[in-house]
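Structure file start.txt with compact mmCIF, C-alpha atoms:
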```txt
# COMPACT_ATOMS: atom_id res chain seq x y z
CA MET A 238 51.23 136.07 130.70
CA SER A 239 54.82 136.53 129.63
CA SER A 240 55.87 138.20 132.89
CA THR A 241 54.41 135.47 135.15
CA PHE A 242 56.18 132.22 136.03
CA GLY A 243 54.97 129.20 138.01
CA THR A 244 51.82 127.16 138.58
CA ILE A 245 51.22 127.26 142.35
CA PHE A 246 54.18 129.33 143.52
CA ARG A 247 53.60 132.11 140.97
CA VAL A 248 55.83 135.12 140.40
CA THR A 249 55.05 138.17 138.30
CA THR A 250 57.88 140.65 137.76
CA PHE A 251 57.39 144.29 136.78
CA GLY A 252 59.34 147.44 135.94
CA GLU A 253 61.81 148.79 133.39
CA SER A 254 65.54 149.35 133.76
CA HIS A 255 65.32 153.16 133.86
CA GLY A 256 61.81 153.55 135.25
CA GLY A 257 60.82 154.31 138.83
CA GLY A 258 61.55 150.83 140.11
CA VAL A 259 61.39 147.08 139.59
CA GLY A 260 60.00 144.24 141.64
CA ALA A 261 57.73 141.22 141.85
CA VAL A 262 54.44 139.93 143.19
CA VAL A 263 54.65 136.45 144.69
CA ASP A 264 51.39 134.51 144.89
CA GLY A 265 51.06 131.06 146.43
CA CYS A 266 53.80 131.29 149.04
CA PRO A 267 52.73 129.14 152.02
CA SER A 268 51.60 131.02 155.12
CA LEU A 269 53.47 131.21 158.44
CA LEU A 270 56.93 131.43 156.85
CA ALA A 271 59.08 133.80 158.89
CA LEU A 272 60.07 136.54 156.46
CA THR A 273 61.61 140.01 156.55
CA GLU A 274 63.59 142.12 154.09
CA ALA A 275 66.74 140.78 155.74
CA ASP A 276 65.96 137.33 154.30
CA ILE A 277 65.87 138.75 150.77
CA GLN A 278 68.52 141.48 150.76
CA PRO A 279 71.65 139.26 150.81
CA GLN A 280 70.79 137.72 147.44
CA LEU A 281 70.04 141.15 145.97
CA ASP A 282 73.39 142.38 147.29
CA ARG A 283 75.12 139.55 145.41
CA ARG A 284 73.28 140.54 142.23
CA ARG A 285 73.54 144.33 142.40
CA PRO A 286 75.84 146.38 140.15
CA GLY A 287 79.04 148.09 141.21
CA GLN A 288 80.48 145.19 143.20
CA SER A 289 83.95 145.17 141.60
CA ALA A 290 85.95 146.22 138.56
CA LEU A 291 84.41 143.21 136.78
CA THR A 292 80.89 144.69 136.75
CA THR A 293 78.99 147.78 135.64
CA PRO A 294 79.68 150.84 137.81
CA ARG A 295 75.98 151.76 137.97
CA GLY A 296 75.41 152.81 141.58
CA GLU A 297 72.32 151.08 142.92
CA LEU A 298 71.70 149.96 146.49
CA ASP A 299 68.88 147.66 145.37
CA ALA A 300 67.22 147.83 148.78
CA VAL A 301 64.02 145.76 148.82
CA ARG A 302 60.74 146.70 150.51
CA ILE A 303 58.00 144.22 151.34
CA LEU A 304 54.72 146.02 150.63
CA SER A 305 52.18 143.28 151.38
CA GLY A 306 51.65 139.65 152.29
CA VAL A 307 53.69 139.76 155.51
CA GLU A 308 52.55 140.79 158.99
CA ASN A 309 54.41 140.54 162.27
CA GLY A 310 57.29 138.88 160.46
CA VAL A 311 55.37 135.95 158.94
CA THR A 312 53.76 135.37 155.55
CA LEU A 313 49.96 135.54 155.45
CA GLY A 314 49.47 133.28 152.42
CA THR A 315 48.33 136.33 150.44
CA PRO A 316 50.28 137.98 147.57
CA ILE A 317 53.68 139.31 148.61
CA ALA A 318 54.58 142.54 146.79
CA LEU A 319 58.29 143.39 146.58
CA LEU A 320 59.69 146.72 145.36
CA VAL A 321 63.20 147.95 144.60
CA ALA A 322 63.56 151.60 143.58
CA ASN A 323 65.78 152.67 140.66
CA ARG A 324 68.08 155.43 141.89
CA ASP A 325 70.98 155.84 139.45
CA THR A 326 69.16 156.13 136.13
CA LYS A 327 70.81 157.84 133.17
CA PRO A 328 68.43 157.69 130.21
CA GLY A 329 70.56 160.27 128.40
CA ASP A 330 73.15 157.55 127.80
CA TYR A 331 70.75 156.03 125.27
CA ALA A 332 69.77 159.15 123.26
CA ALA A 333 72.00 158.24 120.32
CA MET A 334 70.39 154.81 120.13
CA SER A 335 66.81 156.03 119.75
CA ASN A 336 66.78 155.41 116.00
CA VAL A 337 69.44 152.69 115.84
CA PRO A 338 68.64 149.21 117.17
CA ARG A 339 71.64 147.91 119.07
CA PRO A 340 73.26 144.80 117.55
CA SER A 341 72.16 141.58 119.32
CA HIS A 342 69.85 143.55 121.67
CA ALA A 343 66.05 143.36 121.84
CA ASP A 344 65.48 146.92 120.56
CA PHE A 345 64.42 145.76 117.09
CA THR A 346 62.29 142.81 118.17
CA TYR A 347 60.43 144.76 120.89
CA GLN A 348 59.71 147.55 118.38
CA MET A 349 58.39 145.02 115.86
CA LYS A 350 56.22 143.25 118.45
CA TYR A 351 54.70 146.22 120.29
CA GLY A 352 55.16 149.15 117.93
CA VAL A 353 56.92 150.95 120.79
CA ARG A 354 59.70 150.23 123.23
CA ALA A 355 61.25 151.65 126.37
CA ALA A 356 63.36 154.64 125.37
CA SER A 357 66.40 153.69 127.42
CA GLY A 358 68.25 150.76 128.86
CA GLY A 359 66.33 148.00 127.15
CA GLY A 360 63.26 148.30 129.38
CA ARG A 361 61.93 144.84 130.22
CA SER A 362 64.69 143.15 128.21
CA SER A 363 67.31 144.60 130.56
CA ALA A 364 68.92 142.36 133.15
CA ARG A 365 67.58 144.79 135.74
CA GLU A 366 64.25 142.96 135.39
CA THR A 367 65.87 140.02 137.19
CA ILE A 368 65.80 141.90 140.51
CA GLY A 369 62.20 140.74 140.98
CA ARG A 370 63.21 137.17 140.24
CA VAL A 371 66.04 137.25 142.78
CA ALA A 372 63.82 138.74 145.49
CA ALA A 373 61.09 136.16 144.86
CA GLY A 374 63.66 133.36 144.60
CA ALA A 375 65.07 134.24 148.01
CA ILE A 376 61.62 133.59 149.51
CA ALA A 377 61.27 130.29 147.65
CA GLU A 378 64.76 129.25 148.72
CA LYS A 379 64.08 129.95 152.39
CA TRP A 380 60.90 127.86 152.29
CA LEU A 381 62.70 124.98 150.49
CA ARG A 382 65.55 125.07 152.98
CA GLN A 383 63.28 125.00 156.02
CA LYS A 384 60.75 122.51 154.66
CA PHE A 385 63.00 120.06 152.81
CA ALA A 386 66.63 121.04 153.62
CA VAL A 387 67.19 121.80 149.93
CA GLU A 388 70.48 123.57 149.20
CA ILE A 389 71.09 125.47 145.95
CA VAL A 390 74.59 126.57 144.93
CA ALA A 391 75.67 128.02 141.59
CA TRP A 392 79.10 129.16 140.45
CA VAL A 393 81.01 130.38 137.39
CA SER A 394 82.57 127.39 135.67
CA ALA A 395 83.86 129.11 132.52
CA VAL A 396 84.65 132.59 131.22
CA GLY A 397 85.49 132.77 127.54
CA ALA A 398 88.09 130.08 126.87
CA VAL A 399 88.98 129.70 130.56
CA ASP A 400 87.44 126.61 132.18
CA ALA A 401 87.39 125.67 135.85
CA PRO A 402 87.83 122.02 136.87
CA ASP A 403 84.57 120.02 137.00
CA LEU A 404 83.30 120.60 140.54
CA SER A 405 79.74 119.34 139.97
CA GLY A 406 80.35 116.28 142.14
CA ALA A 407 82.06 118.21 144.91
CA ALA A 408 80.41 119.79 147.95
CA VAL A 409 80.81 123.37 146.69
CA THR A 410 79.52 125.92 149.20
CA ARG A 411 78.38 129.49 148.76
CA ALA A 412 81.23 130.57 150.99
CA ALA A 413 83.69 129.09 148.50
CA VAL A 414 81.84 130.74 145.61
CA GLU A 415 81.92 134.14 147.34
CA ALA A 416 85.66 133.93 148.04
CA ASN A 417 86.45 135.97 144.90
CA ALA A 418 84.76 138.51 142.64
CA VAL A 419 84.40 136.09 139.72
CA ARG A 420 82.40 133.64 141.89
CA CYS A 421 84.42 130.61 140.83
CA PRO A 422 85.30 128.31 143.75
CA ASP A 423 88.59 127.26 142.12
CA ALA A 424 91.04 130.03 143.03
CA ALA A 425 93.49 129.40 140.19
CA ALA A 426 90.77 129.34 137.54
CA ALA A 427 89.13 132.40 139.10
CA GLN A 428 92.34 134.39 138.69
CA ARG A 429 92.57 133.47 135.00
CA MET A 430 88.88 134.30 134.51
CA GLU A 431 89.35 137.71 136.09
CA GLN A 432 92.19 138.47 133.69
CA GLU A 433 89.99 137.36 130.78
CA ILE A 434 87.22 139.77 131.83
CA LEU A 435 89.59 142.67 132.46
CA ALA A 436 91.28 142.10 129.09
CA ALA A 437 87.91 142.28 127.34
CA ARG A 438 86.99 145.45 129.24
CA ALA A 439 90.34 147.09 128.42
CA THR A 440 89.56 146.85 124.69
CA GLY A 441 85.94 147.96 125.08
CA ASP A 442 84.77 144.42 124.40
CA SER A 443 82.85 141.75 126.32
CA VAL A 444 83.09 138.03 127.02
CA GLY A 445 80.63 135.22 127.76
CA GLY A 446 80.72 132.33 130.20
CA ILE A 447 79.05 129.32 131.79
CA ILE A 448 77.39 128.87 135.18
CA THR A 449 76.99 125.47 136.85
CA CYS A 450 74.24 124.96 139.43
CA VAL A 451 73.73 122.10 141.89
CA CYS A 452 70.51 121.60 143.88
CA ARG A 453 70.98 119.14 146.74
CA GLY A 454 68.31 117.56 148.92
CA ALA A 455 65.32 117.43 146.56
CA PRO A 456 63.52 114.15 147.35
CA PRO A 457 62.42 111.68 144.67
CA GLY A 458 59.09 112.45 143.04
CA TRP A 459 59.17 116.15 142.15
CA GLY A 460 58.31 117.11 138.58
CA GLU A 461 55.36 116.57 136.25
CA PRO A 462 55.93 114.07 133.42
CA VAL A 463 55.63 114.58 129.66
CA PHE A 464 55.14 118.30 128.86
CA HIS A 465 56.20 119.68 132.25
CA LYS A 466 59.23 117.53 132.96
CA LEU A 467 61.34 119.15 135.64
CA GLU A 468 64.34 119.54 133.34
CA ALA A 469 62.07 121.18 130.74
CA VAL A 470 60.79 123.68 133.31
CA LEU A 471 64.35 124.33 134.50
CA ALA A 472 65.40 124.91 130.89
CA GLN A 473 62.52 127.35 130.39
CA ALA A 474 63.42 129.16 133.60
CA MET A 475 67.10 129.46 132.75
CA LEU A 476 66.66 130.34 129.09
CA SER A 477 64.23 133.10 130.10
CA LEU A 478 67.20 134.92 131.65
CA PRO A 479 68.82 137.70 129.62
CA ALA A 480 71.88 136.69 127.56
CA THR A 481 71.35 132.92 127.89
CA LYS A 482 72.09 130.80 124.86
CA GLY A 483 72.33 127.23 126.09
CA PHE A 484 71.16 124.78 128.77
CA GLU A 485 72.28 121.26 129.55
CA ILE A 486 71.59 118.92 132.45
CA GLY A 487 73.61 116.00 133.78
CA SER A 488 75.96 114.70 131.11
CA GLY A 489 74.42 117.16 128.65
CA PHE A 490 75.79 117.22 125.12
CA ALA A 491 78.82 115.14 126.13
CA GLY A 492 76.45 112.28 126.96
CA ALA A 493 75.32 112.18 123.34
CA ARG A 494 78.78 110.91 122.43
CA GLN A 495 78.65 107.94 124.84
CA ARG A 496 77.30 104.40 124.61
CA GLY A 497 74.38 103.45 126.83
CA SER A 498 76.54 100.90 128.65
CA ALA A 499 78.86 103.72 129.75
CA HIS A 500 76.16 106.31 130.35
CA ASN A 501 73.53 104.45 132.40
CA ASP A 502 73.21 105.27 136.13
CA ALA A 503 73.03 101.95 137.98
CA PHE A 504 70.94 101.79 141.16
CA VAL A 505 72.43 100.97 144.53
CA SER A 506 71.34 101.13 148.15
CA LYS A 507 72.32 104.41 149.81
CA ARG A 508 71.56 105.04 153.47
CA GLY A 509 68.61 102.68 153.35
CA ALA A 510 67.14 104.06 150.13
CA LEU A 511 67.75 103.61 146.42
CA GLY A 512 70.30 105.88 144.80
CA THR A 513 72.57 105.78 141.78
CA THR A 514 76.26 105.01 141.47
CA THR A 515 76.75 107.83 138.96
CA ASN A 516 74.68 110.92 138.21
CA ARG A 517 74.81 111.35 134.45
CA SER A 518 71.03 111.90 134.56
CA GLY A 519 71.63 115.07 136.56
CA GLY A 520 69.19 114.06 139.30
CA ILE A 521 66.14 113.78 137.01
CA GLN A 522 64.77 110.73 135.21
CA GLY A 523 61.56 110.75 133.18
CA GLY A 524 61.14 114.39 134.16
CA ILE A 525 60.97 113.50 137.88
CA THR A 526 63.62 113.92 140.58
CA ASN A 527 65.34 110.69 141.63
CA GLY A 528 66.88 111.99 144.87
CA GLU A 529 70.35 112.64 143.48
CA PRO A 530 71.70 116.20 143.19
CA ILE A 531 70.20 118.16 140.31
CA ILE A 532 73.10 119.42 138.18
CA PHE A 533 72.81 121.73 135.17
CA ARG A 534 74.78 124.34 133.26
CA ILE A 535 73.76 127.55 131.48
CA ALA A 536 75.68 129.33 128.72
CA PHE A 537 75.65 133.14 128.67
CA LYS A 538 76.68 135.05 125.57
CA PRO A 539 79.01 138.05 125.66
CA PRO A 540 77.05 141.18 126.65
CA ALA A 541 75.73 142.85 123.52
CA THR A 542 76.59 146.39 124.61
CA ILE A 543 80.28 147.06 124.06
CA CYS A 544 82.37 150.22 124.15
CA GLN A 545 83.43 149.98 120.52
CA ALA A 546 82.03 151.63 117.43
CA GLN A 547 79.84 149.18 115.49
CA THR A 548 78.70 149.51 111.90
CA THR A 549 75.02 148.59 111.70
CA ALA A 550 71.75 150.04 110.34
CA ASP A 551 69.05 152.32 111.72
CA PHE A 552 65.34 151.46 111.74
CA ALA A 553 65.00 152.94 108.23
CA GLY A 554 67.66 150.56 106.93
CA GLN A 555 70.29 153.26 106.44
CA SER A 556 73.87 152.51 107.36
CA ALA A 557 74.79 153.84 110.80
CA THR A 558 77.67 153.75 113.24
CA LEU A 559 76.76 153.06 116.83
CA GLU A 560 79.23 154.51 119.32
CA GLY A 561 79.45 152.37 122.44
CA LYS A 562 78.77 154.20 125.70
CA GLY A 563 76.96 153.65 128.98
CA ARG A 564 77.57 151.49 132.04
CA HIS A 565 77.56 147.80 131.26
CA ASP A 566 79.07 144.53 132.46
CA PRO A 567 81.97 143.22 130.36
CA CYS A 568 80.83 139.75 131.48
CA VAL A 569 77.47 138.91 133.05
CA VAL A 570 78.22 135.57 134.70
CA PRO A 571 79.61 136.78 138.07
CA ARG A 572 76.39 138.73 138.77
CA ALA A 573 74.19 136.04 137.20
CA VAL A 574 75.06 133.42 139.84
CA PRO A 575 72.35 134.50 142.34
CA ILE A 576 69.87 134.92 139.47
CA VAL A 577 70.38 131.29 138.43
CA GLU A 578 69.96 130.20 142.06
CA ALA A 579 66.75 132.22 142.31
CA MET A 580 65.19 130.67 139.22
CA ALA A 581 66.16 127.18 140.41
CA ALA A 582 64.47 127.89 143.75
CA LEU A 583 61.29 129.11 142.02
CA VAL A 584 61.14 125.95 139.89
CA LEU A 585 61.73 123.61 142.84
CA ALA A 586 59.31 125.39 145.18
CA ASP A 587 56.59 125.14 142.54
CA ALA A 588 57.38 121.46 141.92
CA ALA A 589 57.28 120.73 145.66
CA LEU A 590 53.91 122.41 146.06
CA GLN A 591 52.50 120.54 143.04
CA GLN A 592 53.62 117.24 144.58
CA GLN A 593 52.04 118.21 147.92
CA ALA A 594 48.78 119.01 146.12
CA ARG A 595 48.89 115.65 144.34
CA ARG A 596 49.12 113.84 147.65
```

Please, can you express the file's structure as structure tokens?
Amino acid sequence: MSSTFGTIFRVTTFGESHGGGVGAVVDGCPSLLALTEADIQPQLDRRRPGQSALTTPRGELDAVRILSGVENGVTLGTPIALLVANRDTKPGDYAAMSNVPRPSHADFTYQMKYGVRAASGGGRSSARETIGRVAAGAIAEKWLRQKFAVEIVAWVSAVGAVDAPDLSGAAVTRAAVEANAVRCPDAAAAQRMEQEILAARATGDSVGGIITCVCRGAPPGWGEPVFHKLEAVLAQAMLSLPATKGFEIGSGFAGARQRGSAHNDAFVSKRGALGTTTNRSGGIQGGITNGEPIIFRIAFKPPATICQAQTTADFAGQSATLEGKGRHDPCVVPRAVPIVEAMAALVLADAALQQQARR
């Protein structure tokens, strides 16, 4: 099913952006994991709207409720249902768009596929769908941290033409990421990125960006070869996020310009085990983790909804002018950081459980 992700640790998200609520059902979470809403809420708080002048002003608390699968503070091994109510819905903002598919949105494609679509806010194609992913990912991340000491940290590494220094080999922490509203751990670059976002917003426009994610502590052996290589599953997970347009791991596209003699990761003894001198493979070889940090990057396009008039066509093919209105992010990457972390956690938790089943 298109709304379900995972093999053993399975997550199904539900809800539309302006419906009664959104959430997820998590199936396959191991039992006896200590879990309350307080374990999930911090990641939802990082994702929620209205955090700063860089995000949409939509006023949502995004408070999560655990409806099932947990008793006396521990998981039962049964499905965990998670619900977040929608409070600040304004479907009237989308009335003018009922007959005009928004440029670069999913209005047209959803209508063509289903013969109907959610009347406001993009429905399932809205980034509000990712609330369920973040809530489920927080559970996966807690289990990974306790079971394997896995640490997942993502940050904004580019906004528009503004790039941060390459920090993929550094010990970036979430505290450093959270030190500013852009969620870039380099303060100087963060300041330039903020100005880039505010400049786009001031003209009713939007801007894209890049997020880098590092997963530390995954042992060698995770990932299923050939069709379910770990980097392929990570790519599927990340490219399933709204507004994503690119994925690269390790050296990525830059590695295609190198010679093998310069690109190869030589093995060396590290703390009594084999490791590599460099990490151009991004922690995965042959689709399987090699014990080095998993490093990847995701490109996000500029948000399609802008506050400028756009000449386009309605569903009948007649010329139309779409007046931009509503509450939207001028740049999605600051709020997308915890979403990327969540999807990485879901992929790694599933891979870990598959390896446990194999053994």

Could you tell me how far atom CA of His465 of chain A lies from atom CA of Gly509 of chain A, in Å and to one decimal?
-> 29.8 Å

Could you give me, as a ChimeraX atom specification, the residues within 12 Å of segment 589-594 of chain A, counting all atoms listed in the file and dropping anything in the same chain fewer than 4 positions from it?
-> /A:243-247,265-267,377-378,380-382,384-385,387,454-462,465,467,525-526,582-585

Sphere at (63.9, 136.1, 143.5), radius 10 Å, counting all atoms listed in the file: residues as a count of residues only = 30

Work out how far apart atom CA of Glu431 of chain A and atom CA of Phe533 of chain A are and give it in Å to one decimal.
-> 23.0 Å

Residue among A:Lys538, A:Arg302, A:Arg285, A:Arg494 lying closest to Ala322 of chain A, counting all atoms listed in the file = A:Arg302

Please indicate the distance in Å from atom CA of Ala499 of chain A to atom CA of Thr513 of chain A, rounded to one decimal place.
-> 13.7 Å

Nearest to Gly520 of chain A, chosen from A:Arg453, A:Arg534, A:Arg411, A:Arg572, with only C-alpha atoms counted in the distances | A:Arg453

Nearest to Val451 of chain A, chosen from A:Gly519, A:Gly489, A:Gly483, A:Gly360, with only C-alpha atoms counted in the distances | A:Gly519

Close residues, Ser341 of chain A itself excluded, 12 Å, all atoms listed in the file, min 5 positions apart in chain, as a list in words = Thr346, Gly359, Ser362, Pro479, Ala480, Lys538, Pro539, Pro540, Ala541, Thr542, Ile543, Gln547 and Thr549 of chain A

Fewer than 5 positions away in the same chain doesn't count, so skip those; otherwise give me all residues within 9 Å of Val337 of chain A, counting only C-alpha atoms, as a list in words.
-> Asp344, Phe345, Thr549, Ala550, Asp551, Phe552, Ala553, Ala557, Thr558 and Leu559 of chain A

Grab all the atoms of segment 505-522 of chain A that the file lists, wrap them in a box along x, y and z, add 4 Å per side, and give me centre plus edge lengths in Å (one decimal) as lines of an AutoDock Vina configuration file.
```
center_x = 70.8
center_y = 108.0
center_z = 144.0
size_x = 20.0
size_y = 22.1
size_z = 27.0
```

From the set A:Pro571, A:Val301, A:Thr440, A:Val409, which residue has the shortest atom-to-atom contact distance to Ala427 of chain A, counting only C-alpha atoms?
-> A:Pro571

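Considering all atoms listed in the file, the residue among A:Val463, A:Ile389, A:Ala491, A:Ala418 positioned nearest to Pro530 of chain A is A:Ile389.
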
Write out as a VMD selection string each polymer residue whose atoms come within 6 Å of Ser268 of chain A, counting all atoms listed in the file; drop sequence neighbours fewer than 5 positions from it.
-> chain A and resid 312 to 314

For each of A:Gly445, A:Pro402, A:Pro316, A:Gly512, take the minimum atom-to-atom distance to Gly528 of chain A, counting only C-alpha atoms, then give the residue where this is smallest.
-> A:Gly512

Name the residues in contact with Ile532 of chain A at a cut-off of 9 Å, using all atoms listed in the file, excluding same-chain residues fewer than 6 positions from it; report them as a PyMOL selection string.
-> chain A and resi 405-406+449-453+485-488+516+518-520
